[in-house]
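Chemist: This one is structure-v3.txt, compact mmCIF, C-alpha atoms.
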```txt
# COMPACT_ATOMS: atom_id res chain seq x y z
CA MET A 9 40.49 -53.83 -35.02
CA SER A 10 38.21 -52.24 -37.59
CA ARG A 11 34.54 -53.09 -37.98
CA LEU A 12 35.24 -54.82 -41.20
CA GLU A 13 37.78 -57.10 -39.62
CA GLY A 14 35.39 -57.88 -36.75
CA ARG A 15 32.69 -59.17 -39.06
CA ARG A 16 33.04 -62.53 -40.53
CA ILE A 17 33.31 -62.21 -44.27
CA LEU A 18 31.98 -65.08 -46.38
CA SER A 19 34.90 -66.07 -48.52
CA ARG A 20 34.93 -68.24 -51.57
CA ARG A 21 36.46 -70.99 -49.51
CA ALA A 22 33.63 -70.86 -46.94
CA LEU A 23 31.06 -70.83 -49.73
CA LEU A 24 32.62 -73.87 -51.40
CA GLU A 25 32.71 -75.70 -48.06
CA ARG A 26 28.93 -75.28 -47.75
CA TRP A 27 27.88 -75.88 -51.37
CA TRP A 28 26.37 -79.25 -50.41
CA LEU A 29 23.59 -77.51 -48.46
CA LEU A 30 21.84 -76.44 -51.65
CA PRO A 31 21.24 -79.91 -53.20
CA VAL A 32 20.43 -81.40 -49.77
CA ALA A 33 17.82 -78.70 -49.13
CA GLY A 34 16.38 -79.18 -52.63
CA THR A 35 16.18 -82.96 -52.18
CA VAL A 36 14.56 -82.70 -48.76
CA GLY A 37 12.06 -80.17 -50.11
CA ALA A 38 11.23 -82.30 -53.17
CA PHE A 39 10.70 -85.49 -51.16
CA GLY A 40 8.70 -83.59 -48.55
CA TYR A 41 6.42 -82.20 -51.25
CA MET A 42 6.01 -85.62 -52.90
CA GLY A 43 5.13 -87.17 -49.54
CA TRP A 44 2.57 -84.46 -48.80
CA TYR A 45 1.06 -84.68 -52.29
CA GLY A 46 1.00 -88.48 -52.30
CA SER A 47 -0.77 -88.64 -48.95
CA ARG A 48 -3.29 -86.04 -50.12
CA VAL A 49 -4.02 -88.00 -53.32
CA LEU A 50 -4.24 -91.37 -51.57
CA LEU A 51 -5.81 -90.39 -48.26
CA GLY A 52 -7.50 -87.05 -48.93
CA LYS A 53 -10.59 -88.27 -50.79
CA GLN A 54 -13.85 -86.55 -49.83
CA GLN A 55 -16.56 -88.90 -48.66
CA VAL A 56 -19.92 -88.80 -50.40
CA GLY A 57 -22.64 -87.37 -48.19
CA PRO A 58 -26.38 -87.22 -48.57
CA PRO A 59 -27.50 -85.69 -51.88
CA GLU A 60 -27.69 -81.89 -51.96
CA PHE A 61 -29.48 -81.31 -55.24
CA VAL A 62 -30.03 -77.82 -56.63
CA SER A 63 -33.38 -77.92 -58.41
CA GLY A 64 -33.40 -77.17 -62.10
CA THR A 65 -35.69 -77.26 -65.08
CA PRO A 66 -37.01 -80.80 -65.66
CA GLN A 67 -35.43 -82.32 -68.76
CA ARG A 68 -36.03 -85.65 -70.45
CA VAL A 69 -32.92 -87.81 -70.22
CA ALA A 70 -33.84 -91.22 -71.62
CA ALA A 71 -36.64 -93.70 -72.10
CA LEU A 72 -36.57 -96.63 -69.71
CA SER A 73 -36.49 -98.84 -72.82
CA GLU A 74 -33.04 -97.40 -73.67
CA LEU A 75 -31.65 -98.77 -70.39
CA THR A 76 -32.71 -102.41 -70.52
CA GLN A 77 -29.54 -104.02 -69.11
CA ASP A 78 -27.23 -103.32 -66.19
CA TRP A 79 -24.51 -100.84 -67.14
CA ALA A 80 -26.50 -99.47 -70.07
CA GLU A 81 -25.61 -95.80 -70.47
CA VAL A 82 -27.12 -92.67 -72.02
CA ASN A 83 -25.17 -89.41 -72.16
CA PHE A 84 -26.98 -86.07 -72.03
CA ASN A 85 -26.45 -82.42 -71.10
CA TYR A 86 -28.08 -80.87 -68.06
CA ASP A 87 -27.51 -77.38 -66.65
CA ARG A 88 -24.91 -76.84 -69.43
CA ARG A 89 -22.88 -79.82 -68.17
CA PRO A 90 -22.29 -83.17 -69.87
CA CYS A 91 -23.85 -85.92 -67.78
CA THR A 92 -24.51 -89.65 -67.94
CA VAL A 93 -27.29 -91.89 -66.66
CA LEU A 94 -26.54 -95.53 -65.93
CA ARG A 95 -28.66 -98.52 -65.13
CA VAL A 96 -26.82 -100.11 -62.21
CA PRO A 97 -27.25 -103.50 -60.52
CA THR A 98 -27.88 -102.14 -56.99
CA ALA A 99 -29.45 -99.08 -55.42
CA VAL A 100 -27.11 -96.09 -55.11
CA ALA A 101 -27.37 -93.15 -52.69
CA GLY A 102 -28.86 -90.27 -54.67
CA GLY A 103 -30.02 -92.61 -57.45
CA LEU A 104 -33.50 -93.78 -58.40
CA SER A 105 -35.07 -97.23 -58.06
CA VAL A 106 -38.16 -98.07 -60.10
CA GLY A 107 -39.79 -101.49 -60.12
CA GLY A 108 -36.63 -103.31 -59.05
CA GLN A 109 -34.45 -101.42 -61.58
CA HIS A 110 -31.80 -98.98 -60.33
CA TYR A 111 -30.52 -95.86 -62.05
CA ALA A 112 -27.82 -93.32 -61.19
CA ALA A 113 -26.82 -90.14 -63.03
CA TYR A 114 -23.65 -88.09 -62.69
CA SER A 115 -22.00 -85.03 -64.12
CA ARG A 116 -19.21 -86.11 -66.48
CA ILE A 117 -16.97 -83.21 -65.44
CA CYS A 118 -13.97 -84.53 -63.49
CA THR A 119 -13.59 -82.83 -60.12
CA HIS A 120 -9.81 -82.53 -60.56
CA LEU A 121 -9.39 -80.17 -63.53
CA GLY A 122 -12.65 -80.42 -65.45
CA CYS A 123 -11.93 -83.00 -68.15
CA THR A 124 -14.72 -85.31 -69.30
CA VAL A 125 -15.07 -88.75 -67.68
CA ASN A 126 -16.29 -91.82 -69.55
CA LEU A 127 -17.56 -95.23 -68.53
CA VAL A 128 -14.72 -97.77 -68.59
CA ARG A 129 -16.28 -101.22 -68.83
CA ASP A 130 -13.18 -103.42 -68.93
CA PRO A 131 -11.24 -103.83 -65.65
CA GLU A 132 -8.11 -104.67 -67.65
CA VAL A 133 -8.30 -101.25 -69.33
CA LEU A 134 -8.52 -99.71 -65.86
CA ALA A 135 -5.47 -101.71 -64.78
CA PHE A 136 -3.40 -100.94 -67.88
CA ALA A 137 -4.44 -97.42 -68.87
CA PHE A 138 -5.38 -95.97 -65.48
CA ASN A 139 -2.98 -98.00 -63.30
CA TYR A 140 -5.95 -98.95 -61.11
CA ARG A 141 -7.12 -102.43 -60.30
CA PRO A 142 -10.38 -102.29 -58.32
CA PRO A 143 -10.76 -104.50 -55.26
CA PRO A 144 -12.62 -107.79 -55.89
CA ASP A 145 -15.89 -106.41 -54.49
CA ALA A 146 -15.74 -103.44 -56.91
CA ASN A 147 -14.87 -105.28 -60.12
CA HIS A 148 -17.46 -103.50 -62.26
CA PRO A 149 -17.39 -100.63 -64.76
CA GLN A 150 -16.02 -97.35 -63.40
CA LEU A 151 -16.06 -93.75 -64.61
CA GLY A 152 -12.56 -92.72 -65.65
CA CYS A 153 -10.92 -89.43 -66.56
CA ARG A 154 -8.27 -89.84 -69.26
CA CYS A 155 -6.57 -86.50 -68.57
CA HIS A 156 -5.00 -87.42 -65.22
CA TYR A 157 -6.39 -90.95 -64.72
CA SER A 158 -8.83 -90.36 -61.88
CA VAL A 159 -11.41 -93.10 -61.31
CA PHE A 160 -14.91 -92.69 -59.84
CA ASP A 161 -17.11 -95.55 -58.62
CA PRO A 162 -20.74 -95.24 -59.82
CA LEU A 163 -21.90 -97.74 -57.18
CA GLN A 164 -20.40 -95.57 -54.42
CA ALA A 165 -22.38 -92.49 -55.48
CA GLY A 166 -19.60 -91.23 -57.76
CA GLU A 167 -16.89 -91.23 -55.10
CA ALA A 168 -13.32 -90.65 -56.31
CA VAL A 169 -11.53 -93.93 -55.63
CA PHE A 170 -8.23 -93.38 -57.43
CA GLY A 171 -6.14 -90.63 -58.97
CA LYS A 172 -5.71 -86.92 -58.45
CA ALA A 173 -9.40 -86.07 -58.11
CA ASN A 174 -10.41 -85.86 -54.46
CA GLY A 175 -14.07 -84.90 -54.76
CA PRO A 176 -16.96 -87.09 -55.91
CA LEU A 177 -18.77 -86.48 -59.18
CA PRO A 178 -21.88 -84.33 -58.72
CA ARG A 179 -25.03 -86.47 -58.84
CA VAL A 180 -28.06 -85.67 -60.97
CA ARG A 181 -31.53 -86.08 -59.44
CA LEU A 182 -33.71 -88.39 -61.51
CA GLU A 183 -37.49 -88.76 -61.64
CA VAL A 184 -39.59 -91.17 -63.65
CA ARG A 185 -42.50 -89.77 -65.66
CA GLY A 186 -44.43 -92.46 -67.46
CA GLN A 187 -41.79 -94.56 -69.21
CA GLU A 188 -39.13 -91.85 -69.28
CA LEU A 189 -36.40 -90.61 -66.95
CA TYR A 190 -36.14 -86.88 -66.28
CA ALA A 191 -33.33 -84.90 -64.69
CA THR A 192 -34.74 -82.38 -62.20
CA GLY A 193 -31.69 -81.19 -60.27
CA ILE A 194 -27.92 -81.50 -59.91
CA GLU A 195 -25.41 -81.16 -57.11
CA SER A 196 -22.86 -78.38 -57.06
CA ALA A 197 -19.33 -79.41 -57.87
CA PRO A 198 -17.27 -80.02 -54.72
CA GLN A 199 -14.63 -77.51 -53.75
CA SER A 200 -11.25 -78.78 -54.82
CA GLY A 201 -7.83 -77.88 -53.53
CA GLN A 202 -6.32 -79.65 -56.57
```
When written as structure tokens, how does the structure in this file appear?
Modeler:
Amino acid sequence: MSRLEGRRILSRRALLERWWLLPVAGTVGAFGYMGWYGSRVLLGKQQVGPPEFVSGTPQRVAALSELTQDWAEVNFNYDRRPCTVLRVPTAVAGGLSVGGQHYAAYSRICTHLGCTVNLVRDPEVLAFAFNYRPPPDANHPQLGCRCHYSVFDPLQAGEAVFGKANGPLPRVRLEVRGQELYATGIESAPQSGQ
């Protein structure tokens, strides 16, 4: 018996008998990846910790008179990043409370891929456009990214509550000087595994 005869040669018949392995392996791999990715998107959100502001040059953001009602908003740039300051109905970790009024400021750069987030005031827009319906205790305006439909809750210190973004929005440190709000620092963007 020659060496060649001793080895098993993969014939066309043997190959055709095992063709089904390729689509089965592809399907198992695809569903495995979708399960891993889905659990990471739904369960892998980073919790918001205590503020870790990096001090910067003080910059006027808005007059208190521009933020006279809850959910009033003023957009500005700080540290070369688009940001927003909101008057919110309750105190927020990392925010500022002055005379019974509460303010919070965030970077508007989404922590998923860097698109710009905007305040979405209507919960029906969140439900229809972002496929997110907030729980009854969070039925208030949210910050939404229209690129990949991530949603951030401004009353939870900018925490990512829905979508592909896993990290919270960086918070901006606010100070009041006379009748004006100033930005004096900003958090670093969280590390993202995308």
Chemist: In Å to one decimal, how far is CA of Gly64 in chain A from CA of Thr192 in chain A?
Modeler: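 CA of Thr192 in chain A sits 5.4 Å away from CA of Gly64 in chain A.
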Chemist: Would you list the contacts of Pro198 in chain A as a PyMOL selection string, taking every protein, DNA or RNA residue within 10 Å and counting only C-alpha atoms, but skipping same-chain residues closer than 6 positions in sequence?
Modeler: chain A and resi 54+119-120+174-178
Chemist: Include C-alpha atoms and write out the residues we just selected as a compact mmCIF listing (two decimals), in the frame of the given file.
Modeler:
```txt
# COMPACT_ATOMS: atom_id res chain seq x y z
CA GLN A 54 -13.85 -86.55 -49.83
CA THR A 119 -13.59 -82.83 -60.12
CA HIS A 120 -9.81 -82.53 -60.56
CA ASN A 174 -10.41 -85.86 -54.46
CA GLY A 175 -14.07 -84.90 -54.76
CA PRO A 176 -16.96 -87.09 -55.91
CA LEU A 177 -18.77 -86.48 -59.18
CA PRO A 178 -21.88 -84.33 -58.72
```
Chemist: Write out as a list of chain:residue names each polymer residue whose atoms come within 8 Å of range 80-84 of chain A, counting all atoms listed in the file; drop sequence neighbours fewer than 2 positions from it.
Modeler: A:Val69, A:Ala70, A:Glu74, A:Leu75, A:Thr76, A:Gln77, A:Asp78, A:Tyr86, A:Pro90, A:Cys91, A:Thr92, A:Val93, A:Leu94, A:Arg95, A:Val96
Chemist: Given all atoms listed in the file as the basis, pick out the residue of A:Leu23, A:Val133, A:Ala197, A:Ala113 nearest to Leu163 in chain A.
Modeler: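 Going through A:Leu23, A:Val133, A:Ala197, A:Ala113 one by one, the smallest distance to Leu163 in chain A is for A:Ala113.
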Chemist: One decimal, Å: what's the distance from CA of Tyr190 in chain A over to CA of Thr98 in chain A, could you say?
Modeler: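 Separation of CA of Tyr190 in chain A and CA of Thr98 in chain A: 19.7 Å.
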Chemist: Build an axis-aligned box that encloses every atom of range 147-155 of chain A listed in the file, pad it by 6 Å on each side, and report its centre and edge lengths in Å to one decimal, as lines of an AutoDock Vina configuration file.
Modeler:
```
center_x = -12.0
center_y = -95.9
center_z = -64.7
size_x = 22.9
size_y = 30.8
size_z = 21.1
```
Chemist: Calculate how many Å separate CA of Val125 in chain A from CA of Trp44 in chain A, rounding to one decimal.
Modeler: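 Separation of CA of Val125 in chain A and CA of Trp44 in chain A: 26.2 Å.
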Chemist: Would you please work out which residue, of A:Gly122, A:Gly40, A:Pro149, A:Gly102, is nearest to Gly57 in chain A when using all atoms listed in the file?
Modeler: A:Gly102
Chemist: Show which residues sit within 10 Å of Leu151 in chain A, as a PyMOL selection string. Count only C-alpha atoms, and ignore same-chain residues fewer than 3 positions away.
Modeler: chain A and resi 92+114+116+118+124-129+134+154+158-162+166-168+177
Chemist: Please identify all polymer residues within 9 Å of Leu72 in chain A, counting all atoms listed in the file, omitting same-chain residues fewer than 4 positions from it, and present them as a PDB file with C-alpha atoms, in the coordinates of the input.
Modeler:
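part-v7.pdb, written as the output of this step:
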```pdb
ATOM      1  CA  THR A  76     -32.710-102.410 -70.520  1.00  0.00           C
ATOM      2  CA  VAL A 184     -39.590 -91.170 -63.650  1.00  0.00           C
ATOM      3  CA  GLN A 187     -41.790 -94.560 -69.210  1.00  0.00           C
ATOM      4  CA  GLU A 188     -39.130 -91.850 -69.280  1.00  0.00           C
ATOM      5  CA  LEU A 189     -36.400 -90.610 -66.950  1.00  0.00           C
TER       6      LEU A 189
END
```
Chemist: Check the smallest atom-to-atom distance from each of A:Trp79, A:Trp28, A:Tyr41, A:Phe61 to Ser196 in chain A using only C-alpha atoms, then report the winner.
Modeler: A:Phe61
Chemist: Measuring atom to atom with all atoms listed in the file, identify which of A:Val100, A:Arg26, A:Gln109, A:Glu183 is nearest to Ser73 in chain A.
Modeler: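 Of A:Val100, A:Arg26, A:Gln109, A:Glu183, the one nearest Ser73 in chain A, counting all atoms listed in the file, is A:Gln109.
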